[in-house]
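Here's upload-v5.txt, which has compact mmCIF, C-alpha atoms:
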# COMPACT_ATOMS: atom_id res chain seq x y z
CA MET J 1051 25.73 -35.13 68.10
CA ALA J 1052 25.58 -37.53 65.28
CA SER J 1053 24.31 -40.53 67.22
CA GLY J 1054 20.70 -41.39 67.87
CA VAL J 1055 19.37 -38.93 65.34
CA LYS J 1056 16.25 -40.32 63.76
CA PRO J 1057 14.12 -38.38 61.30
CA ARG J 1058 10.40 -39.12 61.22
CA VAL J 1059 8.11 -37.81 58.53
CA LYS J 1060 4.39 -38.11 57.94
CA VAL J 1061 3.30 -37.76 54.33
CA PRO J 1062 0.07 -39.17 52.86
CA LYS J 1063 0.67 -42.08 50.47
CA LYS J 1064 -1.80 -40.81 47.89
CA ALA J 1065 -3.09 -37.49 46.68
CA ALA J 1066 -5.08 -36.08 43.81
CA ALA J 1067 -3.07 -34.11 41.23
CA GLY J 1068 -2.73 -30.52 42.42
CA GLU J 1069 -4.00 -31.36 45.89
CA THR J 1070 -2.63 -29.61 48.96
CA ILE J 1071 -1.36 -31.98 51.61
CA THR J 1072 -0.08 -31.46 55.14
CA ILE J 1073 3.37 -32.74 56.05
CA LYS J 1074 4.66 -33.26 59.57
CA THR J 1075 8.32 -33.82 60.35
CA LEU J 1076 10.16 -34.58 63.53
CA ILE J 1077 13.80 -35.39 64.13
CA SER J 1078 15.25 -36.56 67.42
CA HIS J 1079 18.02 -34.17 68.33
CA LYS J 1080 19.11 -32.57 71.60
CA MET J 1081 19.41 -29.05 70.10
CA GLU J 1082 22.00 -28.00 72.70
CA SER J 1083 21.52 -24.25 72.77
CA GLY J 1084 24.95 -23.17 74.02
CA GLN J 1085 23.27 -21.54 77.03
CA HIS J 1086 23.30 -24.51 79.42
CA LYS J 1087 26.07 -25.25 81.88
CA ASP J 1088 27.25 -28.64 83.04
CA GLY J 1089 27.77 -29.67 86.67
CA ASP J 1090 31.15 -27.89 86.85
CA GLY J 1091 29.80 -24.62 85.54
CA ASN J 1092 31.29 -24.98 82.08
CA VAL J 1093 29.14 -23.91 79.17
CA ILE J 1094 28.04 -26.84 77.05
CA PRO J 1095 28.90 -25.86 73.45
CA ARG J 1096 26.12 -25.25 70.98
CA SER J 1097 25.13 -28.26 68.90
CA ILE J 1098 21.96 -27.86 66.91
CA ILE J 1099 20.41 -28.59 63.56
CA ASN J 1100 20.75 -25.29 61.75
CA ARG J 1101 18.80 -25.90 58.55
CA PHE J 1102 15.90 -28.00 57.33
CA THR J 1103 14.67 -28.27 53.76
CA ALA J 1104 11.83 -30.09 52.04
CA ASP J 1105 11.75 -30.56 48.28
CA PHE J 1106 9.44 -32.35 45.89
CA ASN J 1107 11.04 -33.74 42.71
CA GLY J 1108 13.84 -31.20 43.13
CA GLU J 1109 11.51 -28.24 43.64
CA ASN J 1110 11.62 -26.46 46.96
CA VAL J 1111 8.68 -26.51 49.35
CA ILE J 1112 10.19 -24.97 52.46
CA ASP J 1113 13.64 -23.96 53.63
CA VAL J 1114 13.98 -23.25 57.33
CA THR J 1115 16.91 -21.70 59.19
CA LEU J 1116 16.92 -22.92 62.78
CA GLU J 1117 18.39 -21.05 65.74
CA PRO J 1118 19.08 -22.35 69.26
CA ALA J 1119 15.60 -21.18 70.30
CA ILE J 1120 14.03 -24.14 68.48
CA SER J 1121 13.01 -26.88 70.90
CA THR J 1122 14.59 -30.28 71.40
CA ASN J 1123 13.47 -32.72 68.69
CA PRO J 1124 12.63 -30.04 66.12
CA TYR J 1125 9.13 -30.39 64.73
CA PHE J 1126 7.72 -28.76 61.63
CA GLN J 1127 4.31 -28.86 60.06
CA PHE J 1128 3.62 -27.26 56.70
CA GLU J 1129 1.64 -27.69 53.50
CA ALA J 1130 2.68 -28.69 50.00
CA VAL J 1131 1.06 -28.97 46.61
CA VAL J 1132 1.45 -32.28 44.81
CA PRO J 1133 1.45 -31.53 41.06
CA GLU J 1134 2.44 -35.04 39.97
CA GLU J 1135 3.65 -38.39 41.21
CA GLY J 1136 7.03 -38.23 42.84
CA GLU J 1137 9.10 -38.11 45.96
CA PHE J 1138 9.51 -35.68 48.82
CA GLN J 1139 13.09 -35.25 50.01
CA PHE J 1140 13.70 -34.00 53.54
CA THR J 1141 17.15 -32.86 54.64
CA TRP J 1142 18.45 -31.71 58.02
CA TYR J 1143 21.87 -30.05 58.42
CA ASP J 1144 23.68 -30.47 61.75
CA ASP J 1145 26.17 -28.00 63.26
CA ASP J 1146 28.78 -30.80 63.26
CA GLY J 1147 28.51 -31.17 59.47
CA SER J 1148 26.27 -34.24 59.48
CA VAL J 1149 23.39 -34.31 57.03
CA TYR J 1150 20.33 -36.42 57.76
CA GLU J 1151 18.07 -37.34 54.88
CA THR J 1152 14.83 -39.14 54.35
CA ALA J 1153 12.44 -39.42 51.43
CA LYS J 1154 8.77 -40.32 50.96
CA LYS J 1155 7.08 -41.38 47.75
CA ILE J 1156 3.59 -40.18 46.94
CA SER J 1157 1.34 -41.48 44.20
CA VAL J 1158 -1.22 -39.44 42.34
CA SER J 1159 -4.61 -40.94 41.62
CA MET F 53 18.51 4.18 106.96
CA LYS F 54 20.08 0.84 107.51
CA LEU F 55 20.44 -1.31 104.43
CA THR F 56 19.24 -4.83 104.94
CA ARG F 57 20.06 -7.76 102.73
CA ARG F 58 16.51 -7.60 101.38
CA ASP F 59 16.88 -3.94 100.39
CA LEU F 60 20.04 -4.75 98.51
CA MET F 61 18.39 -7.61 96.67
CA VAL F 62 15.48 -5.41 95.61
CA MET F 63 17.80 -2.64 94.50
CA SER F 64 20.06 -4.87 92.48
CA ALA F 65 17.08 -6.60 90.88
CA ALA F 66 15.58 -3.25 89.91
CA GLY F 67 18.90 -2.07 88.52
CA PHE F 68 19.26 -5.25 86.53
CA ALA F 69 15.78 -4.91 85.06
CA VAL F 70 16.45 -1.33 83.98
CA THR F 71 19.78 -2.10 82.35
CA ALA F 72 18.93 -5.49 80.88
CA LEU F 73 15.53 -4.90 79.29
CA PRO F 74 16.48 -2.14 76.82
CA ALA F 75 19.54 -4.17 75.85
CA PHE F 76 17.37 -7.15 74.85
CA ALA F 77 14.86 -4.97 73.05
CA SER F 78 17.51 -3.26 70.94
CA LEU F 79 19.12 -6.63 70.19
CA THR F 80 15.84 -7.79 68.68
CA ASP F 81 15.40 -4.51 66.82
CA ASP F 82 18.92 -4.86 65.44
CA GLU F 83 18.20 -8.36 64.18
CA ILE F 84 14.93 -7.23 62.62
CA ALA F 85 16.67 -4.25 60.98
CA LYS F 86 19.22 -6.65 59.50
CA ILE F 87 16.42 -8.35 57.58
CA THR F 88 14.23 -5.39 56.71
CA GLY F 89 17.01 -2.87 56.19
CA GLY F 90 15.03 -0.49 58.40
CA ALA F 91 12.05 -0.50 56.04
CA GLU F 92 8.60 0.51 57.28
CA MET F 93 6.50 -2.40 58.46
CA GLY F 94 2.81 -2.82 57.81
CA GLU F 95 0.40 -4.58 60.11
CA GLY F 96 -1.89 -7.39 59.05
CA GLY F 97 -1.37 -9.94 56.32
CA ILE F 98 0.48 -12.15 58.76
CA THR F 99 -0.87 -14.32 61.54
CA LEU F 100 1.17 -15.52 64.48
CA THR F 101 -0.55 -18.12 66.61
CA ALA F 102 0.97 -18.73 70.01
CA PRO F 103 -0.52 -19.81 73.34
CA GLU F 104 -1.38 -17.04 75.79
CA ILE F 105 0.12 -19.03 78.63
CA ALA F 106 2.85 -21.61 78.13
CA GLU F 107 3.45 -23.84 81.14
CA ASN F 108 6.78 -25.07 79.86
CA GLY F 109 9.08 -22.66 78.06
CA ASN F 110 11.00 -25.57 76.55
CA THR F 111 8.36 -26.39 73.96
CA VAL F 112 6.00 -23.61 73.01
CA PRO F 113 3.98 -24.43 69.90
CA ILE F 114 3.73 -21.56 67.44
CA GLU F 115 2.26 -21.20 63.99
CA VAL F 116 3.01 -18.51 61.43
CA SER F 117 0.99 -17.85 58.33
CA ALA F 118 1.31 -15.08 55.76
CA PRO F 119 -0.37 -15.75 52.40
CA GLY F 120 1.77 -14.34 49.60
CA ALA F 121 4.94 -14.16 51.66
CA THR F 122 8.30 -15.37 50.46
CA MET F 123 9.88 -15.42 53.90
CA ILE F 124 8.84 -15.31 57.54
CA ALA F 125 11.30 -14.68 60.36
CA VAL F 126 10.42 -15.30 64.01
CA PHE F 127 12.02 -13.52 66.96
CA ALA F 128 11.70 -13.88 70.72
CA ASP F 129 12.20 -10.54 72.40
CA GLY F 130 13.30 -11.83 75.79
CA ASN F 131 15.57 -14.71 74.83
CA PRO F 132 19.36 -14.44 75.16
CA VAL F 133 19.49 -14.83 71.38
CA PRO F 134 16.41 -13.23 69.79
CA ASN F 135 16.47 -15.17 66.50
CA VAL F 136 14.22 -18.22 66.47
CA ALA F 137 13.78 -19.38 62.90
CA THR F 138 13.48 -18.18 59.33
CA PHE F 139 11.07 -19.89 56.97
CA LYS F 140 11.57 -19.51 53.23
CA PHE F 141 8.74 -20.77 51.08
CA GLY F 142 9.27 -22.49 47.75
CA ALA F 143 7.10 -22.71 44.66
CA LEU F 144 5.24 -25.77 45.91
CA ASN F 145 4.11 -24.19 49.16
CA PRO F 146 0.48 -23.15 48.74
CA SER F 147 -0.27 -21.44 52.04
CA GLN F 148 3.01 -19.94 53.27
CA SER F 149 2.36 -21.25 56.75
CA ALA F 150 4.33 -23.43 59.13
CA SER F 151 4.19 -24.70 62.69
CA THR F 152 7.03 -25.51 65.00
CA ARG F 153 7.96 -25.59 68.68
CA MET F 154 10.23 -23.06 70.28
CA ARG F 155 11.98 -22.22 73.54
CA LEU F 156 11.13 -19.15 75.58
CA ALA F 157 13.32 -18.00 78.46
CA GLY F 158 10.43 -16.24 80.16
CA THR F 159 7.27 -14.21 79.65
CA GLN F 160 7.84 -12.08 76.57
CA ASP F 161 6.70 -10.99 73.14
CA VAL F 162 7.15 -13.26 70.14
CA ILE F 163 7.48 -11.33 66.90
CA ALA F 164 7.04 -12.55 63.34
CA ILE F 165 8.14 -10.55 60.31
CA ALA F 166 6.96 -11.54 56.84
CA GLN F 167 8.51 -10.41 53.60
CA MET F 168 5.85 -10.29 50.90
CA ALA F 169 6.42 -11.07 47.24
CA ASP F 170 6.39 -7.32 46.47
CA GLY F 171 9.23 -6.75 48.93
CA SER F 172 7.17 -5.11 51.69
CA PHE F 173 7.39 -6.23 55.30
CA HIS F 174 4.57 -7.06 57.69
CA LYS F 175 4.78 -7.64 61.40
CA ALA F 176 2.75 -9.54 63.98
CA SER F 177 3.46 -10.13 67.63
CA ALA F 178 2.01 -12.13 70.48
CA ASN F 179 2.67 -12.00 74.20
CA VAL F 180 3.29 -15.37 75.80
CA LYS F 181 3.32 -15.88 79.55
CA VAL F 182 5.81 -18.55 80.52
CA THR F 183 5.62 -20.40 83.82
CA ILE F 184 8.93 -22.27 83.56
CA GLY F 185 11.63 -20.79 81.32
CA GLY F 186 13.35 -22.92 78.73
CA CYS F 187 16.85 -21.58 78.22
CA GLY F 188 18.68 -23.13 81.15
CA GLY F 189 21.54 -21.30 82.80
Here is the file; what I need is its structure written in the form of structure tokens.
Amino acid sequence: MASGVKPRVKVPKKAAAGETITIKTLISHKMESGQHKDGDGNVIPRSIINRFTADFNGENVIDVTLEPAISTNPYFQFEAVVPEEGEFQFTWYDDDGSVYETAKKISVS
Amino acid sequence: MKLTRRDLMVMSAAGFAVTALPAFASLTDDEIAKITGGAEMGEGGITLTAPEIAENGNTVPIEVSAPGATMIAVFADGNPVPNVATFKFGALNPSQSASTRMRLAGTQDVIAIAQMADGSFHKASANVKVTIGGCGG
């Protein structure tokens, strides 16, 4: 499912150097588990996002492996330290090979 | 004794419960053993926050936290596939905690295993009662 996938990320615009911030991410995705059946009794094949990563200036914050037990529209909340000004990169990897990316800049005061 | 339809239903349900439950449990144990290599697991050092009662098994909010961990894996004992998610924490993660939403097929135990920086494993579990299951079928 490569259509209608929209990543949404909440990152503060500013932080003090070395401050810990909370990041929330959500991506619209059906996360078809491979357990459902359609009207004719055929199993709907699995189609999920299988990996999510968050990095800051190339350094890893969190790397999550997702299984079919993760809900529709996978949501993650986690914390990160902001050592300097820079950019958070968020990447989602789909079963079908698609990669969804978004980035957020943060300034240090 | 004459067997009624109801008797048969009860018997088959009981038989199913007996055969199916150990199968699920060992599946989870197998998956956990794959990660830990059968190592001893300590208690404490890891917190798994899950609701006691989840009305909708399709989105059950959970939070895992294990200060000093490099990895946390979450399993659902009663799901068709026990694996839920594996969190690996990078250098810029201060608290080694994360929240997400998961699916639960029914009332069951959710288990979290943390691998600490020294290589030891710690375990936490929580029982969640589910009113409506979330795995379809």
Closest atom pairs, residues of chain F within 7 Å of chain J, all atoms listed in the file, as a Markdown table:
| residue | atom | partner | partner_atom | distance |
| --- | --- | --- | --- | --- |
| F:Asn110 | CA | J:Ser1121 | CA | 6.1 |
| F:Thr111 | CA | J:Ser1121 | CA | 5.6 |
| F:Asn135 | CA | J:Glu1117 | CA | 6.2 |
| F:Val136 | CA | J:Ala1119 | CA | 5.0 |
| F:Ala137 | CA | J:Leu1116 | CA | 4.7 |
| F:Thr138 | CA | J:Thr1115 | CA | 4.9 |
| F:Phe139 | CA | J:Val1114 | CA | 4.5 |
| F:Lys140 | CA | J:Asp1113 | CA | 4.9 |
| F:Phe141 | CA | J:Ile1112 | CA | 4.7 |
| F:Gly142 | CA | J:Val1111 | CA | 4.4 |
| F:Ala143 | CA | J:Val1111 | CA | 6.2 |
| F:Leu144 | CA | J:Val1111 | CA | 4.9 |
| F:Asn145 | CA | J:Ala1130 | CA | 4.8 |
| F:Pro146 | CA | J:Ala1130 | CA | 6.1 |
| F:Ser147 | CA | J:Glu1129 | CA | 6.7 |
| F:Ser149 | CA | J:Phe1128 | CA | 6.1 |
| F:Ala150 | CA | J:Phe1128 | CA | 4.6 |
| F:Ser151 | CA | J:Gln1127 | CA | 4.9 |
| F:Thr152 | CA | J:Phe1126 | CA | 4.7 |
| F:Arg153 | CA | J:Ser1121 | CA | 5.7 |
| F:Met154 | CA | J:Ile1120 | CA | 4.3 |
| F:Arg155 | CA | J:Ala1119 | CA | 5.0 |
| F:Cys187 | CA | J:Gln1085 | CA | 6.5 |
| F:Gly188 | CA | J:His1086 | CA | 5.1 |
| F:Gly189 | CA | J:His1086 | CA | 5.0 |
Checklist line | Interatomic distance (Å, one decimal) between atom CA of F:Thr99 and atom CA of F:Ala176 | finding: 6.5 Å
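Taking all atoms listed in the file into account, J:Phe1138 lies nearest to J:Val1061 out of the set J:Val1158, J:Ile1099, J:Met1081, J:Val1061.
Compared by their closest atoms to J:Ala1066, and using all atoms listed in the file, the residues J:Glu1135, J:Ser1078, J:Lys1154, J:Asp1144 rank with J:Glu1135 nearest.
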Next item on the list: Would you mind reading off the distance between atom CA of J:Gly1089 and atom CA of F:Pro132, one decimal, in Å?
Entry: 20.9 Å
Would you kindly return, as a PDB file with C-alpha atoms, in the frame of the given file, each protein, DNA or RNA residue with an atom no farther than 8 Å from any atom of F:Lys175, considering all atoms listed in the file and excluding same-chain residues fewer than 2 positions away?
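Result file follows (selection_3.pdb):
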ATOM      1  CA  MET F  93       6.500  -2.400  58.460  1.00  0.00           C
ATOM      2  CA  GLY F  94       2.810  -2.820  57.810  1.00  0.00           C
ATOM      3  CA  GLU F  95       0.400  -4.580  60.110  1.00  0.00           C
ATOM      4  CA  GLY F  96      -1.890  -7.390  59.050  1.00  0.00           C
ATOM      5  CA  ILE F  98       0.480 -12.150  58.760  1.00  0.00           C
ATOM      6  CA  ILE F 163       7.480 -11.330  66.900  1.00  0.00           C
ATOM      7  CA  ALA F 164       7.040 -12.550  63.340  1.00  0.00           C
ATOM      8  CA  ILE F 165       8.140 -10.550  60.310  1.00  0.00           C
ATOM      9  CA  ALA F 166       6.960 -11.540  56.840  1.00  0.00           C
ATOM     10  CA  PHE F 173       7.390  -6.230  55.300  1.00  0.00           C
ATOM     11  CA  SER F 177       3.460 -10.130  67.630  1.00  0.00           C
TER      12      SER F 177
END
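Residue nearest J:Ala1067, chosen from J:Ile1156, J:Ile1094, J:Val1055, J:Val1149 and counting all atoms listed in the file: J:Ile1156.
Between atom CA of F:Pro103 and atom CA of F:Ile84 lies a distance of 22.6 Å.
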Next item on the list: Return the single residue from J:Lys1064, J:Lys1080, J:Lys1155, J:Lys1056 that is closest to J:Asn1107, with distances computed using all atoms listed in the file.
Entry: J:Lys1155
Note to self: Show me, as a PyMOL selection string, the residues that have an atom within 9 Å of F:Asn108 when counting only C-alpha atoms, minus same-chain residues fewer than 6 positions from it.
What the structure shows: chain F and resi 155-156+182-186
Item checked: Spatial neighbours of stretch 100-102 of chain F, 6 Å, all atoms listed in the file, chain gap at least 5 places, as a list of chain:residue names -> F:Ile114, F:Glu115, F:Val116
Is it possible to get the residues within 9 Å of (11.7, -2.8, 55.0) (coordinates as in the file, counting all atoms listed in the file) written as a PDB file with C-alpha atoms, keeping the file's coordinate frame?
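File point-v3.pdb, as written:
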ATOM      1  CA  ALA F  85      16.670  -4.250  60.980  1.00  0.00           C
ATOM      2  CA  ILE F  87      16.420  -8.350  57.580  1.00  0.00           C
ATOM      3  CA  THR F  88      14.230  -5.390  56.710  1.00  0.00           C
ATOM      4  CA  GLY F  89      17.010  -2.870  56.190  1.00  0.00           C
ATOM      5  CA  GLY F  90      15.030  -0.490  58.400  1.00  0.00           C
ATOM      6  CA  ALA F  91      12.050  -0.500  56.040  1.00  0.00           C
ATOM      7  CA  GLU F  92       8.600   0.510  57.280  1.00  0.00           C
ATOM      8  CA  MET F  93       6.500  -2.400  58.460  1.00  0.00           C
ATOM      9  CA  GLN F 167       8.510 -10.410  53.600  1.00  0.00           C
ATOM     10  CA  GLY F 171       9.230  -6.750  48.930  1.00  0.00           C
ATOM     11  CA  SER F 172       7.170  -5.110  51.690  1.00  0.00           C
ATOM     12  CA  PHE F 173       7.390  -6.230  55.300  1.00  0.00           C
ATOM     13  CA  HIS F 174       4.570  -7.060  57.690  1.00  0.00           C
TER      14      HIS F 174
END
